[in-house]
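First the structure, in the form of structure tokens, and then the observations on it.
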Amino acid sequence: MKKCLRYGALILLLWMPLIGNTGTITTPQVIAQTTSAALSCMRWMPVGICFWLRCSLFGCSVETSLKVGHYQPDAVVSSYNELGGNPWVEIRSTLGVAQQSAANGLLGSLLPVPIDSAGNRTEGGQGNKDHRNLVFRETDVIGHPVSSLSNIVASTGYLCNSQTTSFFPYFLSGLDALSWRMEIPEMFYPASLIPGLREIGTWPLQTWGGVYPRTGWTTQSEEPKAAAINAQRAGDIATRTGQPHIYVPITGGSSSGQRVWPPGPLVEDDPATGEWQMLLPKSEATCKVFGTNDLASLSGWGSGRVDAQGDYVWNLWRPYSCCQDRGIFLFNVDWINYPP
């Protein structure tokens with residue numbers, strides 16, 4: 001009897017990655033799940049002191065203000081199957097039709113694959129057989145709902161202004177249809193041609209896949225990992241300037257009332273540039289980078305994270321440090337490096 005139970009448990013573990021949930025997510029749910037992860041992901045701490053020169057008609061004085069550091073949710077990144085079908089309900093209802101119209105109207109005639117193709121489909125015509133592990137997904141990077149709220153609270157000096165604006169579309173793969181589908185010019189980058197460059201994981205021991213080429217096509221047997229690769233690629237594009245894609249870069253530095261040290265571009269496997277919190281299909285209250293080594297695990301990282309419709313949503317948390325404006329900035333003294 002015990003032997004049968006052990007075999008049954010093993011079979012259940014092996015099948016867990018294939019069992020999934022399907023659903024959508026709303027703005028209140030995004031905010032609620034973000035709030036639940038704040039203690040784990042935010043990592044607020046005082047990191048130094050800023051010195052300011054403040055002058056008036058009666059003379060000048062040196063003022064100080066506390067420098068703080070913390071992570072904050074800059075963007076909601078969705079990776080999903082159908083063009084215009086973002087699982088974030090409010091974004092789908094406002095931007096879904098626009099993406100479909102733009103992709104079909106402007107680029108549909110230029111592409112050799114159906115503009116609305118998604119899921120386990122390969123490049124080419126109808127005569128080609130599908131490759132089991134070659135997956136295509138749409139991916140969007142949208143300003144987080146609490147970004148603008150954090151900019152209001154930043155006047156207290158204990159939170160930093162975000163670089164993003166709530167609900168603003170920084171990257172929509174439907175508008176970037178040519179590059180996201182055809183790998184042009186991404187296929188010509190060295191990281192697209194040389195194994196081991198820009199890998200998500202600990203190459204050559206284990207890797208989820210490469211950041212390059214930054215397109216919607218991934219070769220990955222585990223669906224949640226394929227979606228995570230797409231999210232990492234979209235975040236990589238959106239946090240850099242001058243990329244050969246149609247997007248609006250997430251940029252900006254100090255703002256009125258604060259001196260801000262914003263995060264740099266997102267880099268895979270580097271928590272100092274950003275971490276991910278899964279919102280859908282599994283609500284998680286922790287933040288981590290992609291690329292977990294699960295070779296010794298029976299179920300794998302994707303266990304319990306498979307969505308039946310292939311729709312996935314993450315928060316992208318990025319580290320900031322800042323101090324409140326007290327005049328003309330002189331210098332700052334940090335007693336710890338942030339992020340630590």
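Following the order of the structure tokens, first chain is A, next is B, and so on, with residues numbered from 1 inside each chain and ligands from 1 in the order they appear.
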
Can you list, as number ranges by chain, all residues belonging to range 17-115 of chain A that DSSP tags as strand (DSSP E)? A: 20-21, 45-56, 59-80

Please produce a file of those selected residues containing C-alpha atoms, as an mmCIF file, in the first residue's frame.
```cif
data_model
loop_
_atom_site.group_PDB
_atom_site.id
_atom_site.type_symbol
_atom_site.label_atom_id
_atom_site.label_comp_id
_atom_site.auth_asym_id
_atom_site.auth_seq_id
_atom_site.Cartn_x
_atom_site.Cartn_y
_atom_site.Cartn_z
ATOM 1 C CA GLY A 20 -2.894 24.982 -14.453
ATOM 2 C CA ASN A 21 -5.369 27.716 -13.728
ATOM 3 C CA MET A 45 16.079 51.335 4.448
ATOM 4 C CA PRO A 46 18.001 54.543 5.209
ATOM 5 C CA VAL A 47 21.203 54.469 3.177
ATOM 6 C CA GLY A 48 22.909 57.842 3.683
ATOM 7 C CA ILE A 49 22.674 61.618 4.033
ATOM 8 C CA CYS A 50 22.443 64.361 1.408
ATOM 9 C CA PHE A 51 23.942 67.819 1.927
ATOM 10 C CA TRP A 52 22.368 70.948 0.450
ATOM 11 C CA LEU A 53 23.275 74.623 0.242
ATOM 12 C CA ARG A 54 20.358 76.847 1.173
ATOM 13 C CA CYS A 55 20.651 80.597 0.783
ATOM 14 C CA SER A 56 18.455 83.557 1.635
ATOM 15 C CA GLY A 59 23.087 84.303 4.253
ATOM 16 C CA CYS A 60 23.639 80.659 3.389
ATOM 17 C CA SER A 61 23.538 77.490 5.416
ATOM 18 C CA VAL A 62 24.143 73.797 4.845
ATOM 19 C CA GLU A 63 21.074 71.604 5.213
ATOM 20 C CA THR A 64 20.832 67.825 5.333
ATOM 21 C CA SER A 65 18.183 65.278 4.404
ATOM 22 C CA LEU A 66 17.953 61.543 4.842
ATOM 23 C CA LYS A 67 18.762 59.394 1.832
ATOM 24 C CA VAL A 68 16.565 56.300 1.598
ATOM 25 C CA GLY A 69 16.528 53.291 -0.686
ATOM 26 C CA HIS A 70 13.746 50.921 -1.646
ATOM 27 C CA TYR A 71 12.350 48.802 -4.447
ATOM 28 C CA GLN A 72 9.076 49.814 -5.981
ATOM 29 C CA PRO A 73 6.769 48.270 -8.588
ATOM 30 C CA ASP A 74 7.473 50.181 -11.777
ATOM 31 C CA ALA A 75 5.581 48.091 -14.299
ATOM 32 C CA VAL A 76 3.118 45.284 -14.856
ATOM 33 C CA VAL A 77 4.456 42.938 -17.530
ATOM 34 C CA SER A 78 2.019 40.558 -19.216
ATOM 35 C CA SER A 79 2.930 37.654 -21.496
ATOM 36 C CA TYR A 80 -0.053 36.128 -23.273
#
```

Among range 142-244 of chain A, which ones does DSSP assign to helix (DSSP H, G or I) (computed from the backbone)? Answer as an NGL selection string. :A and (147-156 or 177-182 or 186-188 or 190-193 or 223-238)

Include N, CA and C atoms and write out the residues we just selected as a compact mmCIF listing (two decimals), in the first residue's frame.
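part-v5.txt written:
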```
# COMPACT_ATOMS: atom_id res chain seq x y z
N SER A 147 2.33 53.60 -9.35
CA SER A 147 3.47 54.46 -9.67
C SER A 147 3.16 55.93 -9.41
N SER A 148 2.05 56.39 -9.93
CA SER A 148 1.69 57.80 -9.75
C SER A 148 1.37 58.10 -8.29
N LEU A 149 0.81 57.12 -7.57
CA LEU A 149 0.54 57.32 -6.15
C LEU A 149 1.83 57.49 -5.37
N SER A 150 2.86 56.70 -5.72
CA SER A 150 4.14 56.82 -5.03
C SER A 150 4.76 58.19 -5.26
N ASN A 151 4.50 58.78 -6.43
CA ASN A 151 5.03 60.12 -6.70
C ASN A 151 4.38 61.17 -5.80
N ILE A 152 3.13 60.93 -5.41
CA ILE A 152 2.46 61.85 -4.49
C ILE A 152 3.02 61.70 -3.08
N VAL A 153 3.17 60.44 -2.65
CA VAL A 153 3.68 60.16 -1.30
C VAL A 153 5.15 60.56 -1.18
N ALA A 154 5.85 60.66 -2.32
CA ALA A 154 7.28 60.98 -2.29
C ALA A 154 7.57 62.33 -1.65
N SER A 155 6.58 63.20 -1.56
CA SER A 155 6.79 64.51 -0.95
C SER A 155 7.16 64.41 0.53
N THR A 156 6.91 63.26 1.15
CA THR A 156 7.27 63.07 2.55
C THR A 156 8.77 62.87 2.73
N ALA A 177 5.14 44.75 -33.99
CA ALA A 177 4.89 43.44 -34.59
C ALA A 177 6.03 42.96 -35.49
N LEU A 178 6.62 43.84 -36.27
CA LEU A 178 7.65 43.40 -37.21
C LEU A 178 8.87 42.85 -36.47
N SER A 179 9.40 43.60 -35.51
CA SER A 179 10.58 43.14 -34.77
C SER A 179 10.24 41.98 -33.84
N TRP A 180 9.08 42.04 -33.21
CA TRP A 180 8.71 41.01 -32.22
C TRP A 180 8.45 39.67 -32.88
N ARG A 181 8.06 39.68 -34.16
CA ARG A 181 7.76 38.43 -34.86
C ARG A 181 8.89 37.96 -35.78
N MET A 182 9.55 38.90 -36.44
CA MET A 182 10.50 38.53 -37.49
C MET A 182 11.96 38.58 -37.05
N GLU A 186 17.19 41.92 -34.52
CA GLU A 186 17.68 41.22 -33.33
C GLU A 186 18.54 40.00 -33.67
N MET A 187 18.24 39.32 -34.77
CA MET A 187 18.95 38.10 -35.11
C MET A 187 20.43 38.33 -35.41
N PHE A 188 20.82 39.59 -35.65
CA PHE A 188 22.20 39.88 -36.02
C PHE A 188 23.07 40.31 -34.84
N PRO A 190 25.39 39.90 -31.57
CA PRO A 190 26.28 38.81 -31.12
C PRO A 190 25.62 37.90 -30.10
N ALA A 191 24.83 38.47 -29.18
CA ALA A 191 24.19 37.65 -28.15
C ALA A 191 23.15 36.70 -28.74
N SER A 192 22.67 36.99 -29.95
CA SER A 192 21.73 36.08 -30.61
C SER A 192 22.45 34.93 -31.30
N LEU A 193 23.74 35.11 -31.57
CA LEU A 193 24.49 34.14 -32.35
C LEU A 193 25.45 33.30 -31.52
N GLU A 223 6.11 26.02 -20.21
CA GLU A 223 5.40 27.22 -20.63
C GLU A 223 5.63 28.43 -19.73
N PRO A 224 5.60 28.28 -18.39
CA PRO A 224 5.85 29.45 -17.54
C PRO A 224 7.24 30.05 -17.75
N LYS A 225 8.24 29.21 -18.01
CA LYS A 225 9.58 29.73 -18.27
C LYS A 225 9.62 30.48 -19.60
N ALA A 226 8.91 29.96 -20.60
CA ALA A 226 8.85 30.66 -21.88
C ALA A 226 8.24 32.04 -21.71
N ALA A 227 7.17 32.13 -20.92
CA ALA A 227 6.53 33.42 -20.67
C ALA A 227 7.47 34.34 -19.90
N ALA A 228 8.22 33.78 -18.95
CA ALA A 228 9.17 34.59 -18.17
C ALA A 228 10.28 35.14 -19.07
N ILE A 229 10.73 34.35 -20.02
CA ILE A 229 11.75 34.83 -20.97
C ILE A 229 11.22 36.02 -21.75
N ASN A 230 9.96 35.92 -22.22
CA ASN A 230 9.35 37.04 -22.94
C ASN A 230 9.26 38.29 -22.06
N ALA A 231 8.89 38.10 -20.79
CA ALA A 231 8.80 39.24 -19.88
C ALA A 231 10.17 39.89 -19.68
N GLN A 232 11.21 39.06 -19.51
CA GLN A 232 12.57 39.58 -19.34
C GLN A 232 13.00 40.36 -20.57
N ARG A 233 12.69 39.86 -21.75
CA ARG A 233 13.06 40.53 -22.99
C ARG A 233 12.36 41.88 -23.12
N ALA A 234 11.06 41.90 -22.83
CA ALA A 234 10.32 43.16 -22.93
C ALA A 234 10.83 44.17 -21.91
N GLY A 235 11.13 43.71 -20.68
CA GLY A 235 11.70 44.60 -19.68
C GLY A 235 13.07 45.11 -20.08
N ASP A 236 13.85 44.26 -20.73
CA ASP A 236 15.17 44.64 -21.22
C ASP A 236 15.06 45.77 -22.23
N ILE A 237 14.09 45.68 -23.12
CA ILE A 237 13.89 46.71 -24.14
C ILE A 237 13.41 48.01 -23.49
N ALA A 238 12.38 47.91 -22.65
CA ALA A 238 11.72 49.10 -22.12
C ALA A 238 12.61 49.92 -21.19
```

Name the residues in contact with Tyr247 in chain A at a cut-off of 9 Å, using only C-alpha atoms, excluding same-chain residues fewer than 6 positions from it; report them as a list in words. Pro169, Tyr170, Phe171, Leu172, Ser173, Leu175, Asp176, Ile237 and Ala238 of chain A

Those same residues - C-alpha atoms - I'd like them written as a short mmCIF file (atom, residue, chain, number, x, y, z; two decimals), in the first residue's frame.
```cif
data_model
loop_
_atom_site.label_atom_id
_atom_site.label_comp_id
_atom_site.auth_asym_id
_atom_site.auth_seq_id
_atom_site.Cartn_x
_atom_site.Cartn_y
_atom_site.Cartn_z
CA PRO A 169 2.02 51.65 -22.28
CA TYR A 170 5.81 51.57 -22.54
CA PHE A 171 5.98 48.50 -24.74
CA LEU A 172 3.19 46.79 -26.70
CA SER A 173 4.35 43.88 -28.83
CA LEU A 175 2.70 47.75 -32.15
CA ASP A 176 6.21 46.30 -32.45
CA ILE A 237 13.89 46.71 -24.14
CA ALA A 238 11.72 49.10 -22.12
#
```

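What separates CA of Thr35 in chain A from CA of Ser166 in chain A is a distance of 15.7 Å.
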